[in-house]
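Peer 1: Once you've had a glance at the structure underneath, I'll fire off some questions.
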Amino acid sequence: MRKRSHGPSRRAALGLFAGAVALPRAALAGPVETLTGHAFGTGWRITAPEGADLRRLRTGLEELFAGIDAQLSPWRGDSVLSRFNADPAGRAATDPALTHVGGAALEIARLSNGAFDPTVGPLVARWGFGPITQGGGPDWRGVAAGPDGLTKARDDLTLDLCGIAKGWALDRAAALAREAGVESLLFDLGGEFVVRGHHPAGRAWRVAVDSPIPGAPPPAALRLDDGMALATSGTALQGYTLQGRLYSHVIDPRARAPAGGALRSVTVAAEKAITADGWATALLAAGDEAGPVLARSLGISALFLFAEAGGLRRLATGAMAEMLI
């Protein structure tokens with residue numbers, strides 16, 4: 001089959017995240033103020049009670065996001081991640097961000113038995129997505145994170161952290177806002193959310209989950225309590241159809257092909273956005289049957305949306321059922 005490039009996807013890079021998955025939308029009614037901006041090719045938005053003076057956060061957030069892009073973007077040849085990808089086996093990368101996020105990715109790879117694989121970049125590119133065109137086959141076991149940094153066992157192994165790095169960036173941004181004294185907020189980075197405190201009306205923050213079927217109404221609304229994070233991975237926007245088959249940008253590393261089946265999106269709630277981000281990708285890649293089984297076995301709070309005749313079927317695991325409004 002002839003592979004075609006169909007533009008950047010959620011997995012493509014820290015440099016380009018916009019519009020790649022079914023994204024939750026915030027319910028913003030009430031006495032609030034907002035601050036918006038752009039980073040990693042997508043938008044971010046903070047919503048907080050009136051009087052929070054969010055404008056004072058802009059410079060710090062822009063510097064934070066620029067620094068993360070310089071560390072973890074595979075679209076930049078000068079990034080720390082790209083230098084690691086070009087380095088020979090055995091040379092340790094000691095950058096704290098790369099080691100931390102890479103280590104978190106490897107842990108999800110281990111727990112998911114390879115459904116999440118941060119070495120899948122060259123395979124993603126071969127199916128028409130992503131910038132890491134050089135490198136060998138995926139093998140997450142060939143990368144190790146330890147006290148001395150990140151190392152790889154083969155020269156041709158590369159890292160693609162786009163299935164988890166945006167979540168880490170969101171955690172860092174929310175921490176910056178809290179350190180500045182903003183105790184209650186809803187922080188949206190390209191459709192991933194972190195909440196702190198409560199809505200000024202005294203209730204929990206609320207978001208709606210966008211439908212993976214273009215133009216359809218949201219299939220669910222969720223209540224997010226203090227300290228929660230939410231991420232969604234799906235097939236709605238970044239993918240292509242060829243000869244009647246949908247080719248998702250999310251690759252199943254074990255099948256070495258786009259994730260197939262009826263599963264169209266997975267939304268995960270966790271205490272950290274890096275965790276929610278990574279597991280949303282892993283569970284979508286795991287597929288129709290293995291995804292829910294894996295979520296249940298690990299106690300992951302997830303909402304699975306399956307395409308069926310006449311609409312969508314919902315399946316909730318963990319505490320997700322209690323979050324549905």
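FYI, nothing fancy with the structure tokens labels: chains A, B, ... in order, residues from 1 per chain, ligands from 1 as they appear.
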Among the residues of segment 143-320 of chain A, find those DSSP assigns to strand (DSSP E or B) from the backbone and print them as an MDAnalysis selection string.

Peer 2: chainID A and resid 143:146 149:152 185:189 192:196 205:209 220:224 229:234 239:242 245:248 251:252 257:258 263:270 301:308 311:317

Peer 1: Can you pull out the residues contacting Gly142 of chain A? Cut-off 8 Å, using only C-alpha atoms, and skip same-chain residues under 5 positions away; I want them as an NGL selection string.

Peer 2: :A and (152-154 or 157)

Peer 1: Could you check the closest approach to Val101 of chain A for each of A:Ile46, A:Ala144, A:Ala307, A:Ala290 and tell me which residue wins, using only C-alpha atoms?

Peer 2: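 That would be A:Ala144, the residue with the smallest distance to Val101 of chain A.
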
Peer 1: Got a sec: who's within 10 Å of Leu312 of chain A, counting only C-alpha atoms, leaving out chain neighbours fewer than 5 positions off, as a list in words?

Peer 2: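 Contacts, in chain order: Ser211, Pro212, Ile213, Pro219, Ala262, Leu263, Arg264, Phe304, Leu305, Phe306 and Ala307 of chain A.
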
Peer 1: Could the residues in this selection be saved with C-alpha atoms as an mmCIF file, in the first residue's frame?

Peer 2:
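Output file again_37.cif follows:
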```cif
data_model
loop_
_atom_site.group_PDB
_atom_site.id
_atom_site.type_symbol
_atom_site.label_atom_id
_atom_site.label_comp_id
_atom_site.auth_asym_id
_atom_site.auth_seq_id
_atom_site.Cartn_x
_atom_site.Cartn_y
_atom_site.Cartn_z
ATOM 1 C CA SER A 211 -17.752 13.258 19.920
ATOM 2 C CA PRO A 212 -15.304 11.304 17.739
ATOM 3 C CA ILE A 213 -17.991 11.529 15.054
ATOM 4 C CA PRO A 219 -21.621 12.087 24.133
ATOM 5 C CA ALA A 262 -14.667 0.065 16.590
ATOM 6 C CA LEU A 263 -12.904 2.001 19.358
ATOM 7 C CA ARG A 264 -12.901 5.694 18.445
ATOM 8 C CA PHE A 304 -14.269 4.326 25.959
ATOM 9 C CA LEU A 305 -16.379 5.359 22.960
ATOM 10 C CA PHE A 306 -17.123 2.725 20.315
ATOM 11 C CA ALA A 307 -18.645 3.344 16.896
#
```

Peer 1: Give me, as a CSV table (one decimal) with all heavy atoms, in the first residue's frame, the residues of segment 166-298 of chain A that a backbone DSSP run labels helix (DSSP H, G or I).

Peer 2:
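File produced: selection_8.csv:
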```csv
chain,number,residue,atom,x,y,z
A,166,LYS,N,2.8,16.3,26.4
A,166,LYS,CA,2.0,17.4,26.5
A,166,LYS,C,1.3,17.4,27.9
A,166,LYS,O,1.1,18.4,28.6
A,166,LYS,CB,0.9,17.4,25.5
A,166,LYS,CG,0.0,18.7,25.6
A,166,LYS,CD,-0.9,18.8,24.4
A,166,LYS,CE,-1.9,17.7,24.3
A,166,LYS,NZ,-3.1,18.1,23.5
A,167,GLY,N,1.0,16.2,28.4
A,167,GLY,CA,0.5,16.1,29.8
A,167,GLY,C,1.5,16.6,30.8
A,167,GLY,O,1.1,17.2,31.8
A,168,TRP,N,2.8,16.2,30.6
A,168,TRP,CA,3.8,16.7,31.6
A,168,TRP,C,3.9,18.2,31.5
A,168,TRP,O,4.0,18.9,32.5
A,168,TRP,CB,5.1,16.1,31.2
A,168,TRP,CG,6.2,16.5,32.2
A,168,TRP,CD1,6.4,16.1,33.5
A,168,TRP,CD2,7.4,17.3,31.9
A,168,TRP,NE1,7.5,16.7,34.0
A,168,TRP,CE2,8.1,17.4,33.0
A,168,TRP,CE3,7.8,17.9,30.7
A,168,TRP,CZ2,9.3,18.1,33.1
A,168,TRP,CZ3,9.0,18.7,30.7
A,168,TRP,CH2,9.7,18.8,31.9
A,169,ALA,N,3.8,18.8,30.3
A,169,ALA,CA,3.9,20.2,30.2
A,169,ALA,C,2.7,20.9,30.9
A,169,ALA,O,2.9,21.9,31.5
A,169,ALA,CB,3.9,20.6,28.7
A,170,LEU,N,1.5,20.3,30.8
A,170,LEU,CA,0.4,20.8,31.5
A,170,LEU,C,0.5,20.7,33.0
A,170,LEU,O,0.2,21.7,33.7
A,170,LEU,CB,-0.9,20.0,31.1
A,170,LEU,CG,-2.2,20.4,31.7
A,170,LEU,CD1,-2.5,21.9,31.5
A,170,LEU,CD2,-3.3,19.6,31.1
A,171,ASP,N,1.1,19.6,33.5
A,171,ASP,CA,1.3,19.5,35.0
A,171,ASP,C,2.3,20.6,35.4
A,171,ASP,O,2.1,21.3,36.5
A,171,ASP,CB,2.0,18.2,35.3
A,171,ASP,CG,1.0,17.0,35.2
A,171,ASP,OD1,-0.2,17.2,35.5
A,171,ASP,OD2,1.4,15.9,34.9
A,172,ARG,N,3.3,20.9,34.6
A,172,ARG,CA,4.3,21.9,35.0
A,172,ARG,C,3.6,23.3,35.0
A,172,ARG,O,3.9,24.2,35.9
A,172,ARG,CB,5.5,21.9,34.0
A,172,ARG,CG,6.3,20.7,34.0
A,172,ARG,CD,7.3,20.7,35.2
A,172,ARG,NE,8.1,21.9,35.2
A,172,ARG,CZ,9.2,22.2,34.4
A,172,ARG,NH1,9.6,21.2,33.6
A,172,ARG,NH2,9.8,23.3,34.5
A,173,ALA,N,2.8,23.5,34.0
A,173,ALA,CA,2.1,24.8,33.9
A,173,ALA,C,1.1,25.1,35.0
A,173,ALA,O,1.1,26.2,35.6
A,173,ALA,CB,1.4,24.9,32.5
A,174,ALA,N,0.4,24.0,35.4
A,174,ALA,CA,-0.6,24.2,36.5
A,174,ALA,C,0.2,24.4,37.8
A,174,ALA,O,-0.3,25.2,38.7
A,174,ALA,CB,-1.4,22.9,36.6
A,175,ALA,N,1.3,23.8,38.0
A,175,ALA,CA,2.1,24.0,39.2
A,175,ALA,C,2.7,25.4,39.2
A,175,ALA,O,2.7,26.0,40.3
A,175,ALA,CB,3.3,23.0,39.2
A,176,LEU,N,3.0,26.0,38.1
A,176,LEU,CA,3.5,27.3,38.0
A,176,LEU,C,2.4,28.3,38.5
A,176,LEU,O,2.6,29.2,39.2
A,176,LEU,CB,4.0,27.7,36.6
A,176,LEU,CG,4.6,29.0,36.4
A,176,LEU,CD1,5.6,29.0,35.2
A,176,LEU,CD2,3.6,30.1,36.1
A,177,ALA,N,1.2,28.0,38.0
A,177,ALA,CA,0.1,28.9,38.4
A,177,ALA,C,-0.2,28.8,39.9
A,177,ALA,O,-0.5,29.8,40.5
A,177,ALA,CB,-1.2,28.5,37.6
A,178,ARG,N,-0.2,27.6,40.4
A,178,ARG,CA,-0.4,27.5,41.9
A,178,ARG,C,0.7,28.1,42.7
A,178,ARG,O,0.4,28.8,43.7
A,178,ARG,CB,-0.5,26.0,42.2
A,178,ARG,CG,-0.6,25.8,43.7
A,178,ARG,CD,-1.2,24.5,44.1
A,178,ARG,NE,-2.7,24.6,44.1
A,178,ARG,CZ,-3.5,23.6,44.5
A,178,ARG,NH1,-3.1,22.5,44.9
A,178,ARG,NH2,-4.8,23.8,44.4
A,179,GLU,N,1.9,28.0,42.3
A,179,GLU,CA,3.0,28.7,43.0
A,179,GLU,C,2.9,30.2,43.0
A,179,GLU,O,3.3,30.9,43.9
A,179,GLU,CB,4.4,28.3,42.3
A,179,GLU,CG,4.7,26.8,42.6
A,179,GLU,CD,5.9,26.4,41.7
A,179,GLU,OE1,6.4,27.2,40.9
A,179,GLU,OE2,6.3,25.2,41.7
A,273,ALA,N,-1.6,14.9,34.7
A,273,ALA,CA,-1.9,15.0,33.3
A,273,ALA,C,-1.0,14.1,32.5
A,273,ALA,O,-1.3,13.5,31.5
A,273,ALA,CB,-1.8,16.4,32.8
A,274,ILE,N,0.3,13.9,33.0
A,274,ILE,CA,1.2,13.0,32.2
A,274,ILE,C,0.7,11.6,32.3
A,274,ILE,O,0.8,10.9,31.3
A,274,ILE,CB,2.7,13.2,32.9
A,274,ILE,CG1,3.7,12.4,32.0
A,274,ILE,CG2,2.7,12.7,34.3
A,274,ILE,CD1,5.1,12.5,32.5
A,275,THR,N,0.1,11.2,33.4
A,275,THR,CA,-0.5,9.9,33.5
A,275,THR,C,-1.7,9.7,32.6
A,275,THR,O,-1.8,8.7,31.9
A,275,THR,CB,-0.8,9.6,35.0
A,275,THR,OG1,0.3,9.8,35.8
A,275,THR,CG2,-1.3,8.1,35.1
A,276,ALA,N,-2.6,10.7,32.7
A,276,ALA,CA,-3.8,10.6,31.8
A,276,ALA,C,-3.4,10.6,30.4
A,276,ALA,O,-4.0,9.8,29.6
A,276,ALA,CB,-4.7,11.8,32.2
A,277,ASP,N,-2.5,11.4,30.0
A,277,ASP,CA,-2.1,11.5,28.6
A,277,ASP,C,-1.5,10.2,28.1
A,277,ASP,O,-1.9,9.7,27.0
A,277,ASP,CB,-1.0,12.6,28.5
A,277,ASP,CG,-0.8,13.1,27.0
A,277,ASP,OD1,-1.5,12.7,26.1
A,277,ASP,OD2,0.2,13.8,26.8
A,278,GLY,N,-0.6,9.6,28.8
A,278,GLY,CA,0.0,8.4,28.4
A,278,GLY,C,-1.0,7.2,28.3
A,278,GLY,O,-0.9,6.5,27.3
A,279,TRP,N,-1.8,7.1,29.3
A,279,TRP,CA,-2.8,6.0,29.3
A,279,TRP,C,-3.9,6.2,28.3
A,279,TRP,O,-4.4,5.2,27.8
A,279,TRP,CB,-3.3,5.8,30.7
A,279,TRP,CG,-2.4,5.0,31.5
A,279,TRP,CD1,-1.7,5.4,32.6
A,279,TRP,CD2,-2.1,3.6,31.3
A,279,TRP,NE1,-0.9,4.4,33.1
A,279,TRP,CE2,-1.1,3.3,32.3
A,279,TRP,CE3,-2.5,2.6,30.4
A,279,TRP,CZ2,-0.6,2.0,32.4
A,279,TRP,CZ3,-1.9,1.4,30.5
A,279,TRP,CH2,-1.0,1.0,31.5
A,280,ALA,N,-4.3,7.4,28.0
A,280,ALA,CA,-5.3,7.6,26.9
A,280,ALA,C,-4.7,7.0,25.6
A,280,ALA,O,-5.4,6.3,24.8
A,280,ALA,CB,-5.6,9.0,26.8
A,281,THR,N,-3.4,7.3,25.3
A,281,THR,CA,-2.8,6.8,24.1
A,281,THR,C,-2.7,5.2,24.2
A,281,THR,O,-3.0,4.5,23.2
A,281,THR,CB,-1.4,7.4,23.9
A,281,THR,OG1,-1.5,8.8,23.9
A,281,THR,CG2,-0.8,6.9,22.6
A,282,ALA,N,-2.2,4.7,25.3
A,282,ALA,CA,-2.0,3.3,25.5
A,282,ALA,C,-3.3,2.5,25.3
A,282,ALA,O,-3.4,1.5,24.6
A,282,ALA,CB,-1.4,3.0,26.8
A,283,LEU,N,-4.4,3.0,25.9
A,283,LEU,CA,-5.7,2.2,25.9
A,283,LEU,C,-6.3,2.3,24.5
A,283,LEU,O,-6.9,1.3,24.1
A,283,LEU,CB,-6.6,2.8,26.9
A,283,LEU,CG,-6.2,2.6,28.4
A,283,LEU,CD1,-7.1,3.3,29.3
A,283,LEU,CD2,-6.0,1.1,28.8
A,284,LEU,N,-6.1,3.4,23.8
A,284,LEU,CA,-6.6,3.4,22.4
A,284,LEU,C,-5.9,2.4,21.5
A,284,LEU,O,-6.4,1.7,20.7
A,284,LEU,CB,-6.6,4.8,21.9
A,284,LEU,CG,-7.2,5.0,20.5
A,284,LEU,CD1,-8.7,4.8,20.5
A,284,LEU,CD2,-6.8,6.4,19.9
A,285,ALA,N,-4.5,2.4,21.7
A,285,ALA,CA,-3.7,1.5,20.9
A,285,ALA,C,-4.0,0.1,21.2
A,285,ALA,O,-3.9,-0.8,20.4
A,285,ALA,CB,-2.2,1.8,21.1
A,286,ALA,N,-4.4,-0.2,22.5
A,286,ALA,CA,-4.6,-1.6,22.9
A,286,ALA,C,-5.8,-2.2,22.2
A,286,ALA,O,-5.9,-3.4,22.0
A,286,ALA,CB,-4.8,-1.6,24.4
A,290,ALA,N,-8.8,-5.4,24.4
A,290,ALA,CA,-7.7,-5.4,25.4
A,290,ALA,C,-7.7,-4.1,26.1
A,290,ALA,O,-7.2,-4.0,27.3
A,290,ALA,CB,-6.4,-5.6,24.7
A,291,GLY,N,-8.2,-3.0,25.5
A,291,GLY,CA,-8.1,-1.7,26.2
A,291,GLY,C,-9.0,-1.7,27.5
A,291,GLY,O,-8.4,-1.3,28.5
A,292,PRO,N,-10.2,-2.0,27.4
A,292,PRO,CA,-11.0,-2.0,28.7
A,292,PRO,C,-10.5,-3.1,29.7
A,292,PRO,O,-10.6,-2.8,30.9
A,292,PRO,CB,-12.4,-2.4,28.2
A,292,PRO,CG,-12.5,-1.9,26.7
A,292,PRO,CD,-11.1,-2.1,26.2
A,293,VAL,N,-10.1,-4.2,29.2
A,293,VAL,CA,-9.5,-5.2,30.1
A,293,VAL,C,-8.3,-4.7,30.9
A,293,VAL,O,-8.2,-4.8,32.1
A,293,VAL,CB,-9.1,-6.5,29.4
A,293,VAL,CG1,-8.3,-7.5,30.3
A,293,VAL,CG2,-10.4,-7.2,28.8
A,294,LEU,N,-7.4,-4.0,30.1
A,294,LEU,CA,-6.2,-3.4,30.8
A,294,LEU,C,-6.6,-2.3,31.8
A,294,LEU,O,-6.1,-2.2,32.9
A,294,LEU,CB,-5.3,-2.8,29.7
A,294,LEU,CG,-4.0,-2.2,30.1
A,294,LEU,CD1,-3.1,-3.2,30.8
A,294,LEU,CD2,-3.3,-1.6,28.9
A,295,ALA,N,-7.6,-1.5,31.4
A,295,ALA,CA,-8.0,-0.4,32.3
A,295,ALA,C,-8.6,-1.0,33.6
A,295,ALA,O,-8.3,-0.5,34.7
A,295,ALA,CB,-9.0,0.5,31.6
A,296,ARG,N,-9.4,-2.0,33.4
A,296,ARG,CA,-10.0,-2.6,34.6
A,296,ARG,C,-8.9,-3.2,35.5
A,296,ARG,O,-9.0,-3.1,36.8
A,296,ARG,CB,-11.1,-3.6,34.2
A,296,ARG,CG,-12.3,-3.0,33.6
A,296,ARG,CD,-13.4,-4.1,33.5
A,296,ARG,NE,-14.6,-3.6,32.9
A,296,ARG,CZ,-15.0,-3.8,31.7
A,296,ARG,NH1,-14.2,-4.5,30.9
A,296,ARG,NH2,-16.1,-3.3,31.2
A,297,SER,N,-8.0,-3.9,34.9
A,297,SER,CA,-7.0,-4.6,35.7
A,297,SER,C,-6.1,-3.7,36.5
A,297,SER,O,-5.6,-4.0,37.6
A,297,SER,CB,-6.1,-5.5,34.8
A,297,SER,OG,-5.3,-4.7,33.9
A,298,LEU,N,-5.9,-2.5,36.0
A,298,LEU,CA,-5.0,-1.5,36.7
A,298,LEU,C,-5.8,-0.4,37.4
A,298,LEU,O,-5.2,0.5,38.0
A,298,LEU,CB,-4.1,-0.8,35.6
A,298,LEU,CG,-3.1,-1.8,35.0
A,298,LEU,CD1,-2.4,-1.1,33.9
A,298,LEU,CD2,-2.1,-2.4,36.0
```
